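Peer 1: Attaching a single structure in structure tokens format; questions to follow.
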Amino acid sequence: MNPAHQQDRFGVRFEWGLAGARAVAQNCEVAVVVDVLSFTTTLSVALDAGITVLPYRTRGTEAAAFAAEVDATLAVGRSKARGDQISLSAPTIRNRSVPPERLVLPSPNGSTISYELATSAPTVVGASLRNARSVASWICDTFSADTGVAVIAAGEQWPDGSLRPAFEDMWGAGAVLSVMATRGWREHFSPEAVAAAAAWASVEPVMTGQLRACASGRELIDAGYSQDVAIAAELNTSTHVPVLRGDRFVSAG
């Protein structure tokens, strides 16, 4: 791979999707995965409820077998959830009277990237708008400013499976990076990381409206999941920092 594409001259990097994660997370101690609509938002809500989350790359029989193996509840597809079943939709966790102890949470984007990075980055963290400040503060408090950090906007997929940049993920990444910048890490940012932080600065004052109006937000609202978007917009309301320990996300605190 071309070293320039790895942003290898910079300690703090930003990229998109699984291929981008594989490129820039090399030689980094920390990888931050951002999937605002919806994996990392739902992850943060789960940790708020005391649930341990196991990311998985696919749904179906393989995920069901894995969930049975680890004695966990398997999240179903958003449109398939019935009764008190949990899905990638964050309200299904909030509406559950008795949360499960463990949850297998598949998704084609954020969960898949987290699952893949578990074998290459020593520390994988899940960030959303709900916990951006907590994630950034934890990184700055735990690691020195010369630590390699890759921040990944998960993005979505077009029908042909190619990456669709989802700008809510850039905003979430930028929210993390902006806090890191105030803590003295700005000099280590790649131009790509600088751009993500700038994107967040431009949208922060009107974030809630923009989250509802962006393509991913409109898609969910049109499908009847407006509460998913509302929860995703709960800026810095969660203090939990999801860190991948082995095959599962637990709170760093």
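Note on naming: chains are A, B, ... as they come in the structure tokens, residues start from 1 per chain, ligands start from 1 in the order shown.
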Per residue of segment 99-131 of chain A within 10 Å of segment 220-237 of chain A, which atom pair is closest and at what distance in Å (one decimal), using only C-alpha atoms, listed by chain and increasing number, as CSV?
Peer 2:
residue,atom,partner,partner_atom,distance
A:Ser128,CA,A:Ala232,CA,7.5
A:Leu129,CA,A:Leu235,CA,5.1
A:Arg130,CA,A:Asn236,CA,4.5
A:Asn131,CA,A:Asn236,CA,4.8
Peer 1: Near Ala175 of chain A, within 12 Å and counting only C-alpha atoms, which residues show up once chain neighbours fewer than 5 positions away are dropped, as a ChimeraX atom specification?
Peer 2: /A:32,34,36,127-137,151,153,168-170,180-182,193-204,207,235-236
Peer 1: Point out the residue among A:Ser162, A:Ser89, A:Thr40, A:Ser120 with the least atom-to-atom distance to Ala150 of chain A, counting only C-alpha atoms.
Peer 2: A:Ser120
Peer 1: Which of segment 39-147 of chain A end up as strand (DSSP E or B) when DSSP is run on this backbone - answer as a list in words?
Peer 2: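 Listing strand (DSSP E or B) positions across segment 39-147 of chain A yields Thr52, Val53, Leu54, Pro55, Tyr56, Thr73, Leu74, Val76, Ser87, Arg102, Leu103, Val104, Leu105, Pro106, Thr123, Val124, Val125, Gly126 and Ala127 of chain A.
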Peer 1: Of the candidates A:Thr52, A:Thr142, A:Thr58, A:Gln157, which one gets nearest to Glu101 of chain A if we count only C-alpha atoms?
Peer 2: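 Using only C-alpha atoms, the shortest distance to Glu101 of chain A belongs to A:Thr52.
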